Amino acid sequence: MANALINVPPRAKRGEIIEIKTLISHPMETGYRRTQLGAAVPRDIIRAFVCTYNGTEIFRAELHPAIAANPFIAFSTVATESGTLAFQWAGDRGFSETASATISVD
Amino acid sequence: MRGLRAALCAIALAASASAGEIPLAERRSGYDLMSRETRAMQDDDTANPGMLWVLEGESLWTKKTGDAGRACAECHGDARASMKGVAARHPAFDATRGRPVTLEQRVNVCRVDRQKAPSLAYESKELLALTAYLARQSRGVPIDVAIDQRTQPFLDAGRATFYRRQGQLNLACNQCHDDNWGRRLAGNVVPQAHPTGYPLYRLEWQSLGSLQRRLRGCLTGIRAEPYEYGAAELVDLELFLMWRARGMPFEAPAVRP
């Protein structure tokens, strides 16, 4: 599965507010459902999402079972310097996914 | 469940009062009946979850597979050019089978005959990814299934299914989708049932799904026994629905509530 879709503006003016959009493929199984035979379906969700901008954490989210499959997270930050935005998702069953995008600021 | 039954009965009663086919100029894609937020989700490729399958399909397109060790791209080249409009023309007549085949079946025919690979299961991640990738290439292309001497009997069969009452609720497709579109069924807007965006991401499914999955869901809703995936009845119905939506722009992968 193509795992993550990231949208970061490739360039921005210093001090500008930029919007960052992320979409990740994940079933977000709540742990509250049962199969037709009554067996519990174990929980399998993303627990945490972190975004760092040149190594500094700028956004963090905790995710819970009520969040739909394929979570879409959008947030904004101030473009301070050229560099890399790194994204990390971590969850149940050792789920871990990373992605990154570069931005040039002038 | 009781509420749903009451709503369906209300529709069945109302249907007797109202009139037949939707005139061409009054056809609306399900998109037009959606909330602003759901439309925004479909319009923005970075927010549209269907694009996850499209990207997966793009990588499958160039991946060698089967005993022939061939990738789709080795025969078909760049899908952005060679596959433009293909999804908007399916179901299309297949001479060896002597009947129309859906896009899903076409992919599997190619896999079995040319790639010497096992066919993919309906609604499997790979088949949805490949069909989503193909369908994405037809975005904006008007729907145009070929109706000629060979396909006419199958179109007629599909039309008959559309207008045939079935299931324990004894409802035909047209009673909701021709006669009562735009009204509400248990809080949901009844669409005109134009398959403009399949395979599409349905928020209720939390996943991408094919038109046949949707049709089977509708059949279960009227308490009919759904046809199997790939059944002739479903393919003919799909052909009729695409003909009914002829000229409407393709919008896959769409998002629906």
# chains A, B, ... in the order shown; residues from 1 in each chain; ligands from 1
>>> residues_around(residues="segment 38-53 of chain A", least_positions_apart="5", cutoff="7 Å", atoms="only C-alpha atoms", output="list in words")
Met28, Glu29, Thr30, Gly31, Arg33, Ile58, Phe59, Arg60, Ala61, Glu62, Leu63, His64, Pro65, Thr84, Leu85, Ala86, Phe87, Gln88, Trp89, Ala90, Gly91, Asp92 and Arg93 of chain A
>>> write_last_selection(atoms="N, CA and C atoms", output="PDB file, in the first residue's frame")
ATOM      1  N   MET A  28      -7.311   1.510  11.405  1.00  0.00           N
ATOM      2  CA  MET A  28      -7.853   2.076  12.661  1.00  0.00           C
ATOM      3  C   MET A  28      -8.957   1.185  13.236  1.00  0.00           C
ATOM      4  N   GLU A  29      -8.579  -0.072  13.441  1.00  0.00           N
ATOM      5  CA  GLU A  29      -9.532  -1.039  14.011  1.00  0.00           C
ATOM      6  C   GLU A  29      -9.732  -0.719  15.493  1.00  0.00           C
ATOM      7  N   THR A  30     -10.995  -0.495  15.887  1.00  0.00           N
ATOM      8  CA  THR A  30     -11.247   0.075  17.217  1.00  0.00           C
ATOM      9  C   THR A  30     -10.962  -0.845  18.392  1.00  0.00           C
ATOM     10  N   GLY A  31     -11.081  -2.164  18.176  1.00  0.00           N
ATOM     11  CA  GLY A  31     -10.952  -3.094  19.294  1.00  0.00           C
ATOM     12  C   GLY A  31     -12.293  -3.382  19.956  1.00  0.00           C
ATOM     13  N   ARG A  33     -15.033  -4.184  18.076  1.00  0.00           N
ATOM     14  CA  ARG A  33     -15.882  -4.981  17.180  1.00  0.00           C
ATOM     15  C   ARG A  33     -15.656  -6.469  17.414  1.00  0.00           C
ATOM     16  N   ILE A  58       7.128  20.370  16.098  1.00  0.00           N
ATOM     17  CA  ILE A  58       6.194  21.489  15.950  1.00  0.00           C
ATOM     18  C   ILE A  58       4.740  21.061  16.084  1.00  0.00           C
ATOM     19  N   PHE A  59       4.480  19.765  16.002  1.00  0.00           N
ATOM     20  CA  PHE A  59       3.087  19.305  16.103  1.00  0.00           C
ATOM     21  C   PHE A  59       3.089  17.861  16.579  1.00  0.00           C
ATOM     22  N   ARG A  60       2.144  17.574  17.490  1.00  0.00           N
ATOM     23  CA  ARG A  60       2.008  16.202  17.979  1.00  0.00           C
ATOM     24  C   ARG A  60       0.532  15.921  18.191  1.00  0.00           C
ATOM     25  N   ALA A  61       0.105  14.716  17.873  1.00  0.00           N
ATOM     26  CA  ALA A  61      -1.288  14.355  18.111  1.00  0.00           C
ATOM     27  C   ALA A  61      -1.354  12.956  18.688  1.00  0.00           C
ATOM     28  N   GLU A  62      -2.282  12.758  19.627  1.00  0.00           N
ATOM     29  CA  GLU A  62      -2.567  11.411  20.127  1.00  0.00           C
ATOM     30  C   GLU A  62      -3.851  10.957  19.451  1.00  0.00           C
ATOM     31  N   LEU A  63      -3.853   9.736  18.960  1.00  0.00           N
ATOM     32  CA  LEU A  63      -5.045   9.236  18.273  1.00  0.00           C
ATOM     33  C   LEU A  63      -5.734   8.178  19.124  1.00  0.00           C
ATOM     34  N   HIS A  64      -7.042   8.110  18.968  1.00  0.00           N
ATOM     35  CA  HIS A  64      -7.864   7.221  19.796  1.00  0.00           C
ATOM     36  C   HIS A  64      -8.775   6.372  18.907  1.00  0.00           C
ATOM     37  N   PRO A  65      -9.429   5.345  19.509  1.00  0.00           N
ATOM     38  CA  PRO A  65     -10.204   4.406  18.677  1.00  0.00           C
ATOM     39  C   PRO A  65     -11.342   5.042  17.885  1.00  0.00           C
ATOM     40  N   THR A  84      13.794  20.482   6.278  1.00  0.00           N
ATOM     41  CA  THR A  84      13.008  19.262   6.131  1.00  0.00           C
ATOM     42  C   THR A  84      11.928  19.168   7.199  1.00  0.00           C
ATOM     43  N   LEU A  85      10.755  18.784   6.755  1.00  0.00           N
ATOM     44  CA  LEU A  85       9.681  18.446   7.688  1.00  0.00           C
ATOM     45  C   LEU A  85       9.607  16.929   7.720  1.00  0.00           C
ATOM     46  N   ALA A  86       9.759  16.373   8.914  1.00  0.00           N
ATOM     47  CA  ALA A  86       9.703  14.914   9.039  1.00  0.00           C
ATOM     48  C   ALA A  86       8.445  14.525   9.796  1.00  0.00           C
ATOM     49  N   PHE A  87       7.809  13.441   9.324  1.00  0.00           N
ATOM     50  CA  PHE A  87       6.543  13.002   9.910  1.00  0.00           C
ATOM     51  C   PHE A  87       6.716  11.582  10.411  1.00  0.00           C
ATOM     52  N   GLN A  88       6.108  11.299  11.565  1.00  0.00           N
ATOM     53  CA  GLN A  88       6.195   9.947  12.088  1.00  0.00           C
ATOM     54  C   GLN A  88       4.877   9.535  12.707  1.00  0.00           C
ATOM     55  N   TRP A  89       4.447   8.345  12.326  1.00  0.00           N
ATOM     56  CA  TRP A  89       3.233   7.772  12.908  1.00  0.00           C
ATOM     57  C   TRP A  89       3.645   6.502  13.643  1.00  0.00           C
ATOM     58  N   ALA A  90       3.093   6.263  14.814  1.00  0.00           N
ATOM     59  CA  ALA A  90       3.407   5.039  15.550  1.00  0.00           C
ATOM     60  C   ALA A  90       2.131   4.502  16.163  1.00  0.00           C
ATOM     61  N   GLY A  91       2.022   3.167  16.194  1.00  0.00           N
ATOM     62  CA  GLY A  91       0.771   2.605  16.705  1.00  0.00           C
ATOM     63  C   GLY A  91       0.895   1.183  17.178  1.00  0.00           C
ATOM     64  N   ASP A  92      -0.263   0.550  17.339  1.00  0.00           N
ATOM     65  CA  ASP A  92      -0.331  -0.824  17.844  1.00  0.00           C
ATOM     66  C   ASP A  92       0.381  -1.793  16.891  1.00  0.00           C
ATOM     67  N   ARG A  93       0.676  -2.977  17.429  1.00  0.00           N
ATOM     68  CA  ARG A  93       1.335  -4.045  16.673  1.00  0.00           C
ATOM     69  C   ARG A  93       2.630  -3.553  16.035  1.00  0.00           C
TER      70      ARG A  93
END
>>> select_by_dssp(residues="segment 47-182 of chain B", states="strand (DSSP E)", output="JSON, numbers by chain")
{"B": [92, 93, 94, 99, 100, 101]}
>>> interface_residues(of="chain B", to="chain A", cutoff="8 Å", atoms="only C-alpha atoms", output="PyMOL selection string")
chain B and resi 46-47+49+52-53+55-56+206-207
>>> atom_distance(atom1="atom CA of Leu241 of chain B", atom2="atom CA of Asp44 of chain B")
26.6 Å
>>> atom_distance(atom1="atom CA of Arg111 of chain B", atom2="atom CA of Asp148 of chain B")
27.2 Å
>>> atom_distance(atom1="atom CA of Met248 of chain B", atom2="atom CA of Leu120 of chain B")
29.3 Å
>>> select_by_dssp(residues="segment 11-223 of chain B", states="helix (DSSP H, G or I)", output="PDB file with C-alpha atoms, in the first residue's frame")
ATOM      1  CA  ILE B  11     -40.962   5.641  -0.710  1.00  0.00           C
ATOM      2  CA  ALA B  12     -42.808   2.701  -2.200  1.00  0.00           C
ATOM      3  CA  LEU B  13     -46.100   4.526  -1.685  1.00  0.00           C
ATOM      4  CA  ALA B  14     -44.803   7.846  -2.996  1.00  0.00           C
ATOM      5  CA  ALA B  15     -43.374   6.101  -6.053  1.00  0.00           C
ATOM      6  CA  LEU B  24     -30.868  13.878 -19.695  1.00  0.00           C
ATOM      7  CA  ALA B  25     -30.504  17.532 -18.699  1.00  0.00           C
ATOM      8  CA  GLU B  26     -31.735  16.901 -15.158  1.00  0.00           C
ATOM      9  CA  GLY B  30     -24.064  12.065  -6.415  1.00  0.00           C
ATOM     10  CA  TYR B  31     -21.380  14.713  -5.941  1.00  0.00           C
ATOM     11  CA  ASP B  32     -23.980  17.473  -6.299  1.00  0.00           C
ATOM     12  CA  LEU B  33     -26.009  16.038  -3.432  1.00  0.00           C
ATOM     13  CA  ARG B  36     -19.589  20.874   1.256  1.00  0.00           C
ATOM     14  CA  GLU B  37     -17.054  19.053   3.444  1.00  0.00           C
ATOM     15  CA  THR B  38     -17.348  15.764   1.550  1.00  0.00           C
ATOM     16  CA  ARG B  39     -17.006  17.587  -1.774  1.00  0.00           C
ATOM     17  CA  ALA B  40     -13.863  19.323  -0.522  1.00  0.00           C
ATOM     18  CA  MET B  41     -12.460  15.910   0.412  1.00  0.00           C
ATOM     19  CA  GLN B  42     -13.026  14.599  -3.107  1.00  0.00           C
ATOM     20  CA  ASP B  43     -11.718  17.726  -4.845  1.00  0.00           C
ATOM     21  CA  GLY B  50      -8.938   7.156  -2.740  1.00  0.00           C
ATOM     22  CA  MET B  51      -5.567   8.490  -3.848  1.00  0.00           C
ATOM     23  CA  LEU B  52      -3.860   5.999  -1.509  1.00  0.00           C
ATOM     24  CA  TRP B  53      -5.174   3.224  -3.772  1.00  0.00           C
ATOM     25  CA  VAL B  54      -4.290   5.181  -6.900  1.00  0.00           C
ATOM     26  CA  LEU B  55      -0.686   5.469  -5.748  1.00  0.00           C
ATOM     27  CA  GLU B  56      -0.592   1.768  -4.931  1.00  0.00           C
ATOM     28  CA  GLY B  57      -2.001   1.037  -8.393  1.00  0.00           C
ATOM     29  CA  GLU B  58       0.688   3.173  -9.966  1.00  0.00           C
ATOM     30  CA  SER B  59       3.378   1.016  -8.408  1.00  0.00           C
ATOM     31  CA  LEU B  60       1.573  -2.227  -9.363  1.00  0.00           C
ATOM     32  CA  TRP B  61       1.345  -0.980 -12.968  1.00  0.00           C
ATOM     33  CA  CYS B  72       1.221  -3.917 -17.265  1.00  0.00           C
ATOM     34  CA  ALA B  73       3.434  -1.050 -18.399  1.00  0.00           C
ATOM     35  CA  GLU B  74       5.488  -3.287 -20.729  1.00  0.00           C
ATOM     36  CA  CYS B  75       2.538  -3.654 -23.102  1.00  0.00           C
ATOM     37  CA  HIS B  76       0.444  -0.621 -22.268  1.00  0.00           C
ATOM     38  CA  ALA B  79      -1.071   4.670 -18.334  1.00  0.00           C
ATOM     39  CA  ARG B  80      -1.585   8.423 -18.204  1.00  0.00           C
ATOM     40  CA  ALA B  81      -1.753   8.379 -21.999  1.00  0.00           C
ATOM     41  CA  SER B  82      -2.752   4.823 -22.949  1.00  0.00           C
ATOM     42  CA  ALA B  87     -12.636   3.235 -17.458  1.00  0.00           C
ATOM     43  CA  ALA B  88     -15.321   5.537 -18.902  1.00  0.00           C
ATOM     44  CA  ARG B  89     -15.919   2.958 -21.680  1.00  0.00           C
ATOM     45  CA  LEU B 103     -12.985  -3.009 -15.749  1.00  0.00           C
ATOM     46  CA  GLU B 104     -12.234  -5.458 -12.920  1.00  0.00           C
ATOM     47  CA  GLN B 105     -12.826  -8.426 -15.224  1.00  0.00           C
ATOM     48  CA  ARG B 106     -10.713  -6.815 -17.957  1.00  0.00           C
ATOM     49  CA  VAL B 107      -7.785  -6.480 -15.557  1.00  0.00           C
ATOM     50  CA  ASN B 108      -8.140 -10.139 -14.605  1.00  0.00           C
ATOM     51  CA  VAL B 109      -8.433 -11.307 -18.232  1.00  0.00           C
ATOM     52  CA  CYS B 110      -5.172  -9.510 -18.937  1.00  0.00           C
ATOM     53  CA  ARG B 111      -3.524 -10.997 -15.862  1.00  0.00           C
ATOM     54  CA  VAL B 112      -4.533 -14.575 -16.668  1.00  0.00           C
ATOM     55  CA  ASP B 113      -4.010 -14.485 -20.458  1.00  0.00           C
ATOM     56  CA  LYS B 125      -6.534  -4.434  -2.277  1.00  0.00           C
ATOM     57  CA  GLU B 126      -4.592  -5.087  -5.490  1.00  0.00           C
ATOM     58  CA  LEU B 127      -7.619  -5.163  -7.793  1.00  0.00           C
ATOM     59  CA  LEU B 128      -9.063  -2.009  -6.222  1.00  0.00           C
ATOM     60  CA  ALA B 129      -5.667  -0.310  -6.516  1.00  0.00           C
ATOM     61  CA  LEU B 130      -5.275  -1.204 -10.203  1.00  0.00           C
ATOM     62  CA  THR B 131      -8.829  -0.215 -11.117  1.00  0.00           C
ATOM     63  CA  ALA B 132      -8.550   3.010  -9.101  1.00  0.00           C
ATOM     64  CA  TYR B 133      -5.338   3.851 -10.943  1.00  0.00           C
ATOM     65  CA  LEU B 134      -6.975   3.146 -14.311  1.00  0.00           C
ATOM     66  CA  ALA B 135     -10.139   5.044 -13.382  1.00  0.00           C
ATOM     67  CA  ARG B 136      -8.093   8.048 -12.258  1.00  0.00           C
ATOM     68  CA  GLN B 152     -27.788  -4.205 -26.957  1.00  0.00           C
ATOM     69  CA  PRO B 153     -29.189  -7.475 -25.499  1.00  0.00           C
ATOM     70  CA  PHE B 154     -27.062  -7.020 -22.357  1.00  0.00           C
ATOM     71  CA  LEU B 155     -28.169  -3.407 -22.024  1.00  0.00           C
ATOM     72  CA  ASP B 156     -31.781  -4.560 -22.260  1.00  0.00           C
ATOM     73  CA  ALA B 157     -31.157  -7.212 -19.606  1.00  0.00           C
ATOM     74  CA  GLY B 158     -29.627  -4.570 -17.331  1.00  0.00           C
ATOM     75  CA  ARG B 159     -32.568  -2.274 -17.921  1.00  0.00           C
ATOM     76  CA  ALA B 160     -34.963  -5.096 -17.031  1.00  0.00           C
ATOM     77  CA  THR B 161     -33.080  -5.663 -13.754  1.00  0.00           C
ATOM     78  CA  PHE B 162     -33.255  -1.943 -12.965  1.00  0.00           C
ATOM     79  CA  TYR B 163     -37.024  -1.858 -13.379  1.00  0.00           C
ATOM     80  CA  CYS B 173     -34.089   0.369  -8.443  1.00  0.00           C
ATOM     81  CA  ASN B 174     -36.089   3.026 -10.299  1.00  0.00           C
ATOM     82  CA  GLN B 175     -38.563   3.505  -7.470  1.00  0.00           C
ATOM     83  CA  CYS B 176     -35.868   5.178  -5.399  1.00  0.00           C
ATOM     84  CA  HIS B 177     -33.403   6.423  -7.990  1.00  0.00           C
ATOM     85  CA  LEU B 211     -19.665  -0.449  -8.121  1.00  0.00           C
ATOM     86  CA  GLN B 212     -20.627  -4.082  -7.598  1.00  0.00           C
ATOM     87  CA  ARG B 213     -20.031  -3.757  -3.868  1.00  0.00           C
ATOM     88  CA  ARG B 214     -22.405  -0.786  -3.888  1.00  0.00           C
ATOM     89  CA  LEU B 215     -25.020  -2.665  -5.930  1.00  0.00           C
ATOM     90  CA  ARG B 216     -24.847  -5.628  -3.594  1.00  0.00           C
ATOM     91  CA  GLY B 217     -25.335  -3.261  -0.660  1.00  0.00           C
ATOM     92  CA  CYS B 218     -28.425  -1.819  -2.311  1.00  0.00           C
ATOM     93  CA  LEU B 219     -29.821  -5.298  -2.969  1.00  0.00           C
ATOM     94  CA  THR B 220     -29.314  -6.274   0.661  1.00  0.00           C
ATOM     95  CA  GLY B 221     -31.117  -3.033   1.593  1.00  0.00           C
TER      96      GLY B 221
END
>>> decode(residues="segment 171-189 of chain B", atoms="C-alpha atoms", output="short mmCIF file (atom, residue, chain, number, x, y, z; two decimals), in the first residue's frame")
data_model
loop_
_atom_site.label_atom_id
_atom_site.label_comp_id
_atom_site.auth_asym_id
_atom_site.auth_seq_id
_atom_site.Cartn_x
_atom_site.Cartn_y
_atom_site.Cartn_z
CA LEU B 171 -38.76 -2.60 -4.70
CA ALA B 172 -37.19 -1.86 -8.07
CA CYS B 173 -34.09 0.37 -8.44
CA ASN B 174 -36.09 3.03 -10.30
CA GLN B 175 -38.56 3.50 -7.47
CA CYS B 176 -35.87 5.18 -5.40
CA HIS B 177 -33.40 6.42 -7.99
CA ASP B 178 -35.71 7.69 -10.76
CA ASP B 179 -38.83 8.60 -8.83
CA ASN B 180 -37.54 9.76 -5.46
CA TRP B 181 -34.00 11.04 -5.90
CA GLY B 182 -33.16 14.07 -3.78
CA ARG B 183 -35.51 12.98 -1.00
CA ARG B 184 -34.28 11.44 2.19
CA LEU B 185 -34.09 7.81 3.17
CA ALA B 186 -33.34 7.61 6.91
CA GLY B 187 -31.34 10.83 6.90
CA ASN B 188 -29.44 10.10 3.70
CA VAL B 189 -30.16 11.81 0.41
#
